[in-house]
Amino acid sequence: MKGFFLGFFLFTSMFYGQAPYPTDYFRPPLDIPIVLSGTFGELRSNHFHAGIDIKTQQRQGLPVYAIGEGTVTRIKVSEWGYGKGLYIAHPNGYTSVYGHLQKFSPEIEAYVKNIQYQKKSFEVEIFPQFSELKVQKGDLIAYTGNTGGSAGPHLHFEIRSSASEMPTNPLLHGIEVRDATDPTLLSVYAYPLSGNAQVNQSQEKIKLKYHRQSDGTYLADKVTALGTIGFGINAFDRQDLAANQNGVYSVKQIVNGKLYTDFNFETFSFTESRYINTLIDYNHYSTYRERIQKCFKDESNLLGIYKTIYNNGKIEVSEGLSYNVEIDIYDLAGNLTKLVIPVEGKLEEIKIPKIEEKTDNYIIAKKPNNFDLGAAKVYFPANTFYDNFYIDLKNGQDTITIHNSKVPAHRNFTITFDVSKYTDEERKQLFIARLDNNRSANYASTYKRGTTFTTRTRDLGTYTLAKDTVAPQIRPQNFKDKQWLTNYSYLSLKITDDLSGIDTYNATLNGEWILLEYEPKTNTITYNFDDLILDKKQCNLKVVVTDNIGNSSTFTSTFYRK
Ligand SMILES: [Zn+2]
């Protein structure tokens, strides 16, 4: 495979016809070999992955370098999402993004801390003046970490177009990852799409059998069908240096030699990312946690990832005709896994009829829909849903059930509970909770106005009024009251809440606000002694934590330092 790096860039630009990206402008963000635990465009929950996840040898604190000269345009510190994130705009029109950082370089860290102390907030979003924080290619900018919505130490890395903010595939910019391994095909499904369509005597989708041929391609058992049908696949890509199951780069569907479907993950926009729920078979995913990518495009699917889409990728099968359907699955290095499905047009007796569960209420997706369920009212704006469907609505004591989680919502809808039967005191402790599959209550952002509580959500399921009467708990982790802490570099405390969850956390030392770094994954707040020079021997610490409905706890402690 000598020279395959050069090869695949030629290959990809020739075959995918994408905009040319400079492949020698940037350096990698880390000095270790680039091994990925996530690829660009990988299918995630309600979004496509907008960058690559670079493995950091199961540890934190690896130096992160600017991939090119530029100026820091944005710094965000958040408990969620990218955690500590840094954005650098480069003169060539791209912005690099580094996420889940442990901390920034000393210079940037001091800049950020200064603003955190000014704003008295751990979470900040900063847009430095242009050229205020300039970097050269290869400058240390940060250290890798695990902050925000990260399930283990890694660097989330993106390259966006500075003008459009559309993320582009970082590997197209010359970030090298060894990959000579073909994508892996896990399963293939056939979908009868038109009202009268059938596949293998079924009006419901059906899983196909296939076998590996001596030339390495896969051949499916012959499919009999009639009407409009489509196919879907579940596949992953593995690269050479890790066992991780990452996303594939491109899928093509060719019918009797004609290209019907061609989509790839060169780029997409954040605004369209949620339409992933129309690319995958959402109902199947919600039931089996398996993501089938459809080779056909639903009417409600507004994704721009398609380079070619003929007849929306749907195949019209006529009696007596034969069709050769080929599905080609590529990774970015150009490795190909090919599946051939022979289809014969044939009317057969239906053994698996279409199942449609009817209810009293039918949703027309393009229109707004209003329901009064007694305990609460539900308002779905137009286009909340992708498709029309029979919605299942239930009403109970302070509880409503809005269908189930097998139907995806694209937009927020509104649930309004009537709380007029409760006293003011009770209303203070009540909030709207969503019950998960284990029937445990999760706080839903509750807007309280007079005798109504409202929440906006995109999750179907069961909602109820829950009561939180217990204030958060605050427990010191690495120190005790009245202790000498001269050699300590940080203070650590555990904060937990039984129900509605932590909302605010604030602390003072001898009356002055101090920065607490909050890590929700470990329920930990940390104060770093480097932050504030303490000239007093006796330090009085006060920590105040509130939960989402306003229950508050205060912790005080005195310690000594020389
Ligand atoms: Zn990531």
# chains A, B, ... in the order shown; residues from 1 in each chain; ligands from 1

call {"tool": "select_by_dssp", "arguments": {"residues": "stretch 343-492 of chain A", "states": "strand (DSSP E)", "output": "JSON, numbers by chain"}}
result
{"A": [343, 344, 345, 361, 362, 363, 369, 370, 371, 372, 376, 377, 378, 379, 380, 389, 390, 391, 393, 394, 395, 396, 399, 400, 401, 402, 413, 414, 415, 416, 417, 418, 430, 431, 432, 433, 434, 435, 441, 442, 443, 447, 448, 449, 452, 453, 454, 455, 456, 457, 461, 462, 463, 464, 465, 466, 467, 473, 474, 475, 476, 483, 484, 490, 491, 492]}

call {"tool": "residues_around", "arguments": {"residues": "A:Ile495", "least_positions_apart": "4", "cutoff": "6 Å", "atoms": "only C-alpha atoms", "output": "list in words"}}
result
Gln473, Ile474 and Asn523 of chain A

call {"tool": "write_last_selection", "arguments": {"atoms": "N, CA and C atoms", "output": "PDB file, in the first residue's frame"}}
result
ATOM      1  N   GLN A 473     -26.731  18.268  47.886  1.00  0.00           N
ATOM      2  CA  GLN A 473     -25.740  17.907  48.911  1.00  0.00           C
ATOM      3  C   GLN A 473     -24.380  18.422  48.486  1.00  0.00           C
ATOM      4  N   ILE A 474     -23.610  18.911  49.443  1.00  0.00           N
ATOM      5  CA  ILE A 474     -22.255  19.407  49.181  1.00  0.00           C
ATOM      6  C   ILE A 474     -21.316  18.700  50.152  1.00  0.00           C
ATOM      7  N   ASN A 523     -19.729  14.811  39.179  1.00  0.00           N
ATOM      8  CA  ASN A 523     -20.390  15.610  40.227  1.00  0.00           C
ATOM      9  C   ASN A 523     -19.376  16.383  41.068  1.00  0.00           C
TER      10      ASN A 523
END

call {"tool": "closest_residue", "arguments": {"among": "A:Thr546, A:Thr337, A:Asn487, A:Asn324", "to": "A:Asp530", "atoms": "only C-alpha atoms"}}
result
A:Asn487

call {"tool": "atom_distance", "arguments": {"atom1": "atom CA of A:Glu158", "atom2": "atom CA of A:Leu332"}}
result
16.0 Å

call {"tool": "residues_around", "arguments": {"residues": "stretch 364-376 of chain A", "least_positions_apart": "3", "cutoff": "12 Å", "atoms": "only C-alpha atoms", "output": "MDAnalysis selection string"}}
result
chainID A and resid 299:300 360:361 379:402 407:411 413:421 432 451:455 462:465

call {"tool": "residues_around", "arguments": {"residues": "A:Phe263", "least_positions_apart": "6", "cutoff": "12 Å", "atoms": "only C-alpha atoms", "output": "PyMOL selection string"}}
result
chain A and resi 16-18+41+248-253+279+293-297+303-310+312-313+327-330

call {"tool": "write_last_selection", "arguments": {"atoms": "C-alpha atoms", "output": "mmCIF file, in the first residue's frame"}}
result
data_model
loop_
_atom_site.group_PDB
_atom_site.id
_atom_site.type_symbol
_atom_site.label_atom_id
_atom_site.label_comp_id
_atom_site.auth_asym_id
_atom_site.auth_seq_id
_atom_site.Cartn_x
_atom_site.Cartn_y
_atom_site.Cartn_z
ATOM 1 C CA TYR A 16 -16.198 12.526 -5.591
ATOM 2 C CA GLY A 17 -15.648 15.711 -7.551
ATOM 3 C CA GLN A 18 -15.431 17.784 -4.397
ATOM 4 C CA GLY A 41 -20.191 12.589 9.399
ATOM 5 C CA VAL A 248 -18.161 5.230 6.431
ATOM 6 C CA TYR A 249 -17.400 8.056 3.994
ATOM 7 C CA SER A 250 -19.656 7.442 1.036
ATOM 8 C CA VAL A 251 -22.517 5.261 -0.177
ATOM 9 C CA LYS A 252 -23.519 4.767 -3.804
ATOM 10 C CA GLN A 253 -26.446 2.830 -5.216
ATOM 11 C CA LEU A 279 -31.491 9.365 6.601
ATOM 12 C CA GLN A 293 -28.759 4.331 6.371
ATOM 13 C CA LYS A 294 -31.370 4.521 3.647
ATOM 14 C CA CYS A 295 -30.182 4.534 0.046
ATOM 15 C CA PHE A 296 -33.438 6.342 -0.780
ATOM 16 C CA LYS A 297 -34.467 9.834 0.200
ATOM 17 C CA LEU A 303 -30.000 16.922 3.598
ATOM 18 C CA GLY A 304 -27.509 18.370 1.135
ATOM 19 C CA ILE A 305 -25.106 15.432 1.302
ATOM 20 C CA TYR A 306 -26.375 13.915 -1.966
ATOM 21 C CA LYS A 307 -24.075 14.341 -4.961
ATOM 22 C CA THR A 308 -26.540 12.400 -7.093
ATOM 23 C CA ILE A 309 -30.067 11.345 -6.265
ATOM 24 C CA TYR A 310 -32.151 9.867 -9.084
ATOM 25 C CA ASN A 312 -34.996 9.796 -4.771
ATOM 26 C CA GLY A 313 -32.999 6.576 -4.829
ATOM 27 C CA ILE A 327 -24.445 -0.779 -3.311
ATOM 28 C CA ASP A 328 -20.905 0.541 -2.954
ATOM 29 C CA ILE A 329 -19.669 1.562 0.481
ATOM 30 C CA TYR A 330 -16.434 3.558 0.618
#

call {"tool": "residues_near_ligand", "arguments": {"ligand": "ligand 1", "cutoff": "12 Å", "atoms": "only C-alpha atoms and all ligand atoms", "output": "PyMOL selection string"}}
result
chain A and resi 36-44+47-55+81-83+85+97-101+146-158+170+246

call {"tool": "write_last_selection", "arguments": {"atoms": "N, CA and C atoms", "output": "compact mmCIF listing (two decimals), in the first residue's frame"}}
result
# COMPACT_ATOMS: atom_id res chain seq x y z
N LEU A 36 -8.24 7.35 15.12
CA LEU A 36 -9.57 7.92 15.32
C LEU A 36 -10.50 7.00 16.10
N SER A 37 -11.24 7.61 17.04
CA SER A 37 -12.36 6.89 17.65
C SER A 37 -13.67 7.39 17.07
N GLY A 38 -13.59 8.36 16.15
CA GLY A 38 -14.80 8.85 15.48
C GLY A 38 -14.43 9.55 14.20
N THR A 39 -15.23 9.32 13.15
CA THR A 39 -14.96 9.96 11.86
C THR A 39 -15.96 11.08 11.60
N PHE A 40 -15.63 11.88 10.60
CA PHE A 40 -16.49 12.98 10.19
C PHE A 40 -17.77 12.43 9.57
N GLY A 41 -18.91 13.01 9.97
CA GLY A 41 -20.19 12.59 9.40
C GLY A 41 -20.75 11.34 10.04
N GLU A 42 -19.98 10.77 10.98
CA GLU A 42 -20.46 9.58 11.68
C GLU A 42 -21.86 9.83 12.24
N LEU A 43 -22.68 8.78 12.23
CA LEU A 43 -24.07 8.91 12.64
C LEU A 43 -24.16 8.93 14.16
N ARG A 44 -24.60 10.04 14.69
CA ARG A 44 -24.75 10.18 16.14
C ARG A 44 -26.20 10.50 16.47
N HIS A 47 -27.63 14.01 15.23
CA HIS A 47 -26.70 14.83 14.46
C HIS A 47 -25.62 13.96 13.81
N PHE A 48 -25.01 14.56 12.80
CA PHE A 48 -23.81 13.97 12.22
C PHE A 48 -22.60 14.51 12.99
N HIS A 49 -21.60 13.68 13.18
CA HIS A 49 -20.40 14.13 13.87
C HIS A 49 -19.69 15.17 13.00
N ALA A 50 -19.43 16.33 13.58
CA ALA A 50 -18.93 17.45 12.78
C ALA A 50 -17.41 17.50 12.69
N GLY A 51 -16.74 16.52 13.30
CA GLY A 51 -15.28 16.54 13.26
C GLY A 51 -14.75 15.12 13.31
N ILE A 52 -13.49 15.02 13.69
CA ILE A 52 -12.94 13.70 13.96
C ILE A 52 -12.61 13.64 15.45
N ASP A 53 -12.74 12.44 16.03
CA ASP A 53 -12.32 12.23 17.41
C ASP A 53 -10.98 11.53 17.38
N ILE A 54 -9.97 12.20 17.92
CA ILE A 54 -8.62 11.64 17.90
C ILE A 54 -8.32 11.02 19.25
N LYS A 55 -7.92 9.76 19.22
CA LYS A 55 -7.61 9.05 20.46
C LYS A 55 -6.36 9.66 21.10
N GLY A 81 -21.56 19.79 25.88
CA GLY A 81 -21.07 19.98 24.51
C GLY A 81 -19.59 19.74 24.38
N TYR A 82 -18.88 20.74 23.83
CA TYR A 82 -17.45 20.60 23.59
C TYR A 82 -16.62 20.86 24.85
N GLY A 83 -17.27 21.13 26.00
CA GLY A 83 -16.52 21.40 27.22
C GLY A 83 -15.71 22.67 27.05
N GLY A 85 -13.53 24.58 24.68
CA GLY A 85 -13.31 24.55 23.23
C GLY A 85 -12.64 25.82 22.74
N VAL A 97 -11.16 23.84 15.06
CA VAL A 97 -11.88 23.79 16.33
C VAL A 97 -11.33 22.61 17.15
N TYR A 98 -11.07 22.87 18.43
CA TYR A 98 -10.48 21.86 19.32
C TYR A 98 -11.40 21.74 20.53
N GLY A 99 -11.90 20.53 20.82
CA GLY A 99 -12.90 20.38 21.89
C GLY A 99 -12.51 19.39 22.97
N HIS A 100 -13.26 19.44 24.07
CA HIS A 100 -13.08 18.59 25.27
C HIS A 100 -11.71 18.81 25.91
N LEU A 101 -11.17 20.03 25.80
CA LEU A 101 -9.83 20.31 26.30
C LEU A 101 -9.81 20.28 27.82
N ASN A 146 -11.16 15.76 28.69
CA ASN A 146 -12.37 14.94 28.63
C ASN A 146 -13.57 15.78 29.08
N THR A 147 -13.48 17.11 28.86
CA THR A 147 -14.52 18.00 29.37
C THR A 147 -15.76 17.98 28.47
N GLY A 148 -16.89 18.39 29.04
CA GLY A 148 -18.14 18.47 28.28
C GLY A 148 -18.71 17.09 27.99
N GLY A 149 -19.41 16.99 26.88
CA GLY A 149 -20.08 15.73 26.54
C GLY A 149 -19.14 14.73 25.92
N SER A 150 -18.16 14.32 26.68
CA SER A 150 -17.15 13.39 26.20
C SER A 150 -17.17 12.16 27.09
N ALA A 151 -17.12 10.99 26.46
CA ALA A 151 -17.24 9.76 27.23
C ALA A 151 -15.89 9.15 27.59
N GLY A 152 -14.80 9.81 27.22
CA GLY A 152 -13.47 9.32 27.54
C GLY A 152 -12.48 10.31 26.95
N PRO A 153 -11.22 10.30 27.45
CA PRO A 153 -10.25 11.28 26.96
C PRO A 153 -10.05 11.19 25.44
N HIS A 154 -10.22 12.29 24.74
CA HIS A 154 -9.92 12.37 23.30
C HIS A 154 -9.94 13.83 22.89
N LEU A 155 -9.46 14.08 21.69
CA LEU A 155 -9.55 15.44 21.13
C LEU A 155 -10.61 15.43 20.04
N HIS A 156 -11.63 16.27 20.20
CA HIS A 156 -12.58 16.49 19.12
C HIS A 156 -12.01 17.62 18.27
N PHE A 157 -11.88 17.35 16.98
CA PHE A 157 -11.18 18.30 16.10
C PHE A 157 -12.00 18.53 14.83
N GLU A 158 -12.18 19.81 14.51
CA GLU A 158 -12.96 20.17 13.31
C GLU A 158 -12.19 21.16 12.45
N PRO A 170 -11.99 16.79 8.05
CA PRO A 170 -10.58 17.16 8.30
C PRO A 170 -9.60 16.29 7.52
N ASN A 246 -15.93 3.08 13.19
CA ASN A 246 -16.21 4.46 12.80
C ASN A 246 -17.17 4.50 11.61

call {"tool": "atom_distance", "arguments": {"atom1": "atom CA of A:Ser202", "atom2": "atom CA of A:Ala190"}}
result
9.8 Å

call {"tool": "atom_distance", "arguments": {"atom1": "atom CA of A:Asn256", "atom2": "atom CA of A:Gly216"}}
result
20.6 Å

call {"tool": "closest_residue", "arguments": {"among": "A:Asp531, A:Gly345, A:Thr168, A:Leu493", "to": "A:Asn114", "atoms": "only C-alpha atoms"}}
result
A:Asp531
